[in-house]
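*Asks:* Structure in structure tokens, see below.
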Amino acid sequence: MSTGSDTLAKAGAQGSQSQAAPGAPPSHSRFWEKGLPVLGVAAGILLVLGPFLATLIRSLLYWQPDGSVVVTLQNFTALLGDARFLDAARNTLLCGAGATIVSCVLGVTLAWIVSRTDVPGRSWFEVGNLIPFFLSPYVGAEAWRYLAAPGSGIIHKMAQDYLGLKLPFLNIYGLAGVIWVLAIFYTPYVYLFVISPLRRMDSALEDAARVHGASFGYTVRHITLPLLMPALLSAAMIVFVTSAGLFDVPFALAATHGIRTIPTEIYSSLQYPADFGRAAAFGMLVLCLTVTLTLWQRHYLASRRFETVSGKGYRPRVMKLSLGGRIVALTVEVLYIGLGVVLPIIALLMVSLQSIWTGKFRSGYATIENFTYVLLNYDLTRTAIVNSLFLAVVGASIGVGLSVLQSYYLNRSTSKARGFMEAVLSLPIGIPGIILGLGFLILSVRTPLYSTIWVILIAYVAHFFPLAIRTVTAMFVAINPELEQSARASGASWWQTMRHVLLPLLKPALIAAWLMLFVIFVRELGSTILLYAQGTETISVALVALGDRNFGFVAALAVIQLVLLLSAFALFRLTRASLVQD
């Protein structure tokens, strides 16, 4: 990355050349500086409001038996009076609340172990705790089916064969299994939110409590957790809304056993014969809950004062654990990484290398035919791999490009509407993928975008560009505007300043944002399941399609997706980019 003096020198030299040659008219320069960021924000707002308004309008339209259309609340009244809806809503709330509680406990614990203790191997655990963030929840659910399916799971077979034990309580199917898998894959979200505040927190506050006789538990409850509350509350809200609205895991572990959730009910409503009114009413209720929780969170944080850093110099203190404490900390870390990463990968590899799966690995059935089939002999999977890579590369590039313009507007503009725009642009973070997919499905029907890969690309960007904004903005606020002002004073245009000053300084954040979006787009299912058509399938859709055919095919394609995701994770580590906002 160029240094500040290097970038200023380049910008100044380019500015001098532009002054010597016939330059662009001032109005053109002002357009680049003022108009382009505004266009980026406008594009983001359209991506948010378009599917929202489409879902709202469709939820209010009702087709009568004679074919006429009326504007009414009948879709909502029919839905609220449906016992299936109440059952799905209860199960969804249980899944969201359970996953949130477990992931918050695990996330805070893991972040505290890594940032505040002297447990051996902290640097390795810091990396390992992030790996589930880069994996697919649907693939994780499939892996846990192989591990803990009643009677045929690997754990059941090993317990029976080697220990003579039966484990009737270990059943991955049902709400408990859904909560378990969701918690594993959402723990890194909480971990990322709280580890930075833990590192910045002035340990003198906790020391003062301990000096006055407070126990460790009392200090955590009354000092540490209240100071973490802004980050923890933000993480909990995002985990609750997104886990409750996730389609992947409930579809794999609950829907097949008659357990309804809102995402799977929306999917069922759009199967033949499709009921768009019912699905749109589902979507609007979820969107209203999302907006309500977002506004409540903003009001809660705005009405309270939180300080994690004092005005005096400080250095976060690393706690020296006793032997027993180290054993407990190591056990927690090893269990999380083992259950969240190692065991699922082992299960996928075992199943993918078997011609017949019987619940245990048999060397006589070892084969690579499953990989040969999905890579070379099955058109659907080959098309899906190409489509996923196209969507991931192009979508991540568009998302990062939009995030640069939007972050510039939010951090450098003097507009009084910045706060409102920031709130609107952040909304998609909490909108479940299947709800956003439903909005774009309604929006694209009877348009050239319908059933094309382009509507999937737009839905991906619309759903996840706020994550890129968050990453880029974290770097933007650390760049002193005086660097840009100096370049402009030296004669550089706005574009030259962006190219030679801002973009080089933003490079680590841009790499982190691009890789993050790439990973998410490769694994995404919720936004895709309602939008794909023949020829536009993705890897996640192909996994669902293969689910009814052969365990080995599913596991082989899952391993291929896993290789793509872990390769992105390795590249992420090599670039030394960070998802943690220090």
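Residues are named by chain letter and number: chains run A, B, ... in the order of the structure tokens, numbers start at 1 in each chain, and ligands are numbered from 1 in the order shown.
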Residues of segment 148-262 of chain A within 12 Å of segment 448-472 of chain A: nearest atom pair and distance (Å, one decimal) for each, counting only C-alpha atoms, sorted by chain and number, as JSON lines?
*Replies:*
{"residue": "A:Tyr189", "atom": "CA", "partner": "A:Leu467", "partner_atom": "CA", "distance": 11.7}
{"residue": "A:Leu192", "atom": "CA", "partner": "A:Thr471", "partner_atom": "CA", "distance": 11.8}
{"residue": "A:Phe193", "atom": "CA", "partner": "A:Arg470", "partner_atom": "CA", "distance": 11.7}
{"residue": "A:Ile238", "atom": "CA", "partner": "A:Leu467", "partner_atom": "CA", "distance": 11.6}
{"residue": "A:Thr242", "atom": "CA", "partner": "A:His463", "partner_atom": "CA", "distance": 11.4}
*Asks:* How about saving the chosen residues, C-alpha atoms kept, as a PDB file, in the first residue's frame?
*Replies:*
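Result saved to selection-v6.pdb:
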ATOM      1  CA  TYR A 189     -20.879 -12.906  13.933  1.00  0.00           C
ATOM      2  CA  LEU A 192     -16.511 -10.284  15.386  1.00  0.00           C
ATOM      3  CA  PHE A 193     -18.760  -7.694  16.988  1.00  0.00           C
ATOM      4  CA  ILE A 238     -28.603  -9.277  13.524  1.00  0.00           C
ATOM      5  CA  THR A 242     -31.128 -13.415  10.135  1.00  0.00           C
TER       6      THR A 242
END
*Asks:* Enumerate as a PyMOL selection string all residues of segment 391-574 of chain A assigned to helix (DSSP H, G or I) by DSSP on the backbone, naming them with the chain letters and numbers the document uses.
*Replies:* chain A and resi 391-412+418-430+433-444+453-476+481-489+494-523+539-546+551-574
*Asks:* Of the candidates A:Leu233, A:Val341, A:Leu175, A:Ala474, which one gets nearest to Ala88 of chain A if we count only C-alpha atoms?
*Replies:*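 Comparing A:Leu233, A:Val341, A:Leu175, A:Ala474 against Ala88 of chain A, the winner is A:Leu175.
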*Asks:* Please, which residues in segment 468-511 of chain A fall within 12 Å of segment 554-574 of chain A when counting only C-alpha atoms, and what is the closest atom pair and distance in Å to one decimal for each, ordered by chain then residue number, as JSON lines?
*Replies:*
{"residue": "A:Pro508", "atom": "CA", "partner": "A:Phe572", "partner_atom": "CA", "distance": 10.1}
{"residue": "A:Ala509", "atom": "CA", "partner": "A:Phe572", "partner_atom": "CA", "distance": 11.1}
{"residue": "A:Leu510", "atom": "CA", "partner": "A:Phe572", "partner_atom": "CA", "distance": 11.4}
{"residue": "A:Ile511", "atom": "CA", "partner": "A:Phe572", "partner_atom": "CA", "distance": 7.9}
*Asks:* Using only C-alpha atoms, which protein or nucleic acid residues come within 8 Å of Leu253 of chain A? Drop anything in the same chain fewer than 4 positions from it, and give the result as a PyMOL selection string.
*Replies:* chain A and resi 141+145+172-174+177-178+249+257
*Asks:* Identify which of the residues A:Ala54, A:Val541, A:Leu163, A:Leu182 lies closest to Ile385 of chain A, counting only C-alpha atoms when measuring atom-to-atom distances.
*Replies:*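 Checking each of A:Ala54, A:Val541, A:Leu163, A:Leu182 against Ile385 of chain A, counting only C-alpha atoms, the winner is A:Val541.
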*Asks:* Would you pick out the contacts of segment 285-294 of chain A at 7 Å or less, using only C-alpha atoms, so that residues sharing its chain but fewer than 3 positions from it are not included, and give the list as a PDB file with C-alpha atoms, in the first residue's frame?
*Replies:*
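Listed below is the output, result.pdb:
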ATOM      1  CA  VAL A 241     -33.388 -11.633  12.605  1.00  0.00           C
ATOM      2  CA  ALA A 281     -48.208 -11.270   3.578  1.00  0.00           C
ATOM      3  CA  PHE A 282     -45.633 -13.528   5.280  1.00  0.00           C
ATOM      4  CA  GLN A 297     -32.103  -0.940  18.907  1.00  0.00           C
ATOM      5  CA  ARG A 298     -31.275   2.572  17.662  1.00  0.00           C
ATOM      6  CA  GLY A 430     -31.547  -7.791   8.819  1.00  0.00           C
ATOM      7  CA  ILE A 431     -33.834  -8.878   5.965  1.00  0.00           C
TER       8      ILE A 431
END
*Asks:* Given only C-alpha atoms as the basis, pick out the residue of A:Thr261, A:Ser152, A:Ser493, A:Thr383 nearest to Gly359 of chain A.
*Replies:* A:Ser152
*Asks:* May I have the residues within 9 Å of Leu330 of chain A as a ChimeraX atom specification, using only C-alpha atoms and disregarding those fewer than 2 positions away in the same chain?
*Replies:* /A:113,119-121,325-328,332-335
*Asks:* Any chance you can output those residues with C-alpha atoms as a PDB file, in the first residue's frame?
*Replies:*
ATOM      1  CA  ILE A 113     -10.584 -16.130  25.739  1.00  0.00           C
ATOM      2  CA  VAL A 119      -4.493 -19.334  26.860  1.00  0.00           C
ATOM      3  CA  PRO A 120      -1.885 -21.163  24.702  1.00  0.00           C
ATOM      4  CA  GLY A 121      -2.392 -20.922  20.936  1.00  0.00           C
ATOM      5  CA  GLY A 325      -8.698 -22.122  33.856  1.00  0.00           C
ATOM      6  CA  ARG A 326      -6.409 -22.906  30.934  1.00  0.00           C
ATOM      7  CA  ILE A 327      -7.867 -26.401  30.640  1.00  0.00           C
ATOM      8  CA  VAL A 328     -11.415 -25.006  30.602  1.00  0.00           C
ATOM      9  CA  VAL A 332     -14.142 -24.564  25.002  1.00  0.00           C
ATOM     10  CA  GLU A 333     -12.006 -23.569  21.998  1.00  0.00           C
ATOM     11  CA  VAL A 334     -11.271 -27.148  20.909  1.00  0.00           C
ATOM     12  CA  LEU A 335     -14.913 -28.177  21.237  1.00  0.00           C
TER      13      LEU A 335
END
*Asks:* Compile a residue-level contact table for segment 370-399 of chain A against segment 534-539 of chain A at a cut-off of 12 Å, reporting for every qualifying residue the shortest atom pair and its distance in Å to one decimal, with only C-alpha atoms counted, rows ordered by chain and ascending number, as a tab-separated table.
*Replies:*
residue	atom	partner	partner_atom	distance
A:Val374	CA	A:Ile539	CA	10.7
A:Leu375	CA	A:Ile539	CA	11.6
A:Asp379	CA	A:Gly535	CA	9.5
A:Leu380	CA	A:Glu537	CA	7.4
A:Thr381	CA	A:Ile539	CA	6.8
A:Arg382	CA	A:Ile539	CA	8.9
A:Thr383	CA	A:Gly535	CA	6.9
A:Ala384	CA	A:Thr538	CA	4.1
A:Ile385	CA	A:Ile539	CA	5.6
A:Val386	CA	A:Thr538	CA	8.0
A:Asn387	CA	A:Thr538	CA	5.7
A:Ser388	CA	A:Thr538	CA	5.1
A:Leu389	CA	A:Thr538	CA	8.8
A:Phe390	CA	A:Thr538	CA	9.8
A:Leu391	CA	A:Thr538	CA	8.8
A:Ala392	CA	A:Thr538	CA	10.4
*Asks:* Next, the residues of the selection above should be written as a PDB file, in the first residue's frame with C-alpha atoms.
*Replies:*
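Saved file result.pdb follows:
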ATOM      1  CA  VAL A 374     -20.632 -33.963 -10.259  1.00  0.00           C
ATOM      2  CA  LEU A 375     -17.613 -32.398 -11.988  1.00  0.00           C
ATOM      3  CA  ASP A 379     -24.681 -30.866 -16.498  1.00  0.00           C
ATOM      4  CA  LEU A 380     -26.582 -29.327 -13.573  1.00  0.00           C
ATOM      5  CA  THR A 381     -23.597 -29.276 -11.210  1.00  0.00           C
ATOM      6  CA  ARG A 382     -21.170 -28.024 -13.862  1.00  0.00           C
ATOM      7  CA  THR A 383     -23.561 -25.198 -14.736  1.00  0.00           C
ATOM      8  CA  ALA A 384     -24.089 -24.466 -11.037  1.00  0.00           C
ATOM      9  CA  ILE A 385     -20.352 -24.132 -10.353  1.00  0.00           C
ATOM     10  CA  VAL A 386     -19.894 -21.726 -13.272  1.00  0.00           C
ATOM     11  CA  ASN A 387     -22.952 -19.673 -12.243  1.00  0.00           C
ATOM     12  CA  SER A 388     -21.821 -19.454  -8.617  1.00  0.00           C
ATOM     13  CA  LEU A 389     -18.350 -18.273  -9.591  1.00  0.00           C
ATOM     14  CA  PHE A 390     -19.824 -15.703 -12.004  1.00  0.00           C
ATOM     15  CA  LEU A 391     -22.239 -14.375  -9.386  1.00  0.00           C
ATOM     16  CA  ALA A 392     -19.539 -14.298  -6.703  1.00  0.00           C
TER      17      ALA A 392
END
*Asks:* For a quick check of understanding, using only C-alpha atoms, which of A:Leu167, A:Met229, A:Val190, A:Ile259 has the smallest distance to Arg84 of chain A?
*Replies:* A:Ile259
*Asks:* From the set A:Ser243, A:Thr358, A:Ser352, A:Ser363, which residue has the shortest atom-to-atom contact distance to Gly98 of chain A, counting only C-alpha atoms?
*Replies:*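 Among A:Ser243, A:Thr358, A:Ser352, A:Ser363, it is A:Ser243 that comes nearest to Gly98 of chain A.
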*Asks:* Need to verify the contact set: Val70 of chain A, 9 Å, only C-alpha atoms, exclusion of same-chain residues closer than 6 positions in sequence. Can you return it as a VMD selection string?
*Replies:* chain A and resid 60 to 64
*Asks:* Generate the output file for the selected residues, C-alpha atoms, as a compact mmCIF listing (two decimals), in the first residue's frame.
*Replies:*
# COMPACT_ATOMS: atom_id res chain seq x y z
CA LEU A 60 -52.55 -5.92 -0.47
CA LEU A 61 -53.86 -7.33 -3.75
CA TYR A 62 -56.45 -10.12 -3.68
CA TRP A 63 -57.80 -11.99 -6.69
CA GLN A 64 -61.52 -12.74 -6.30
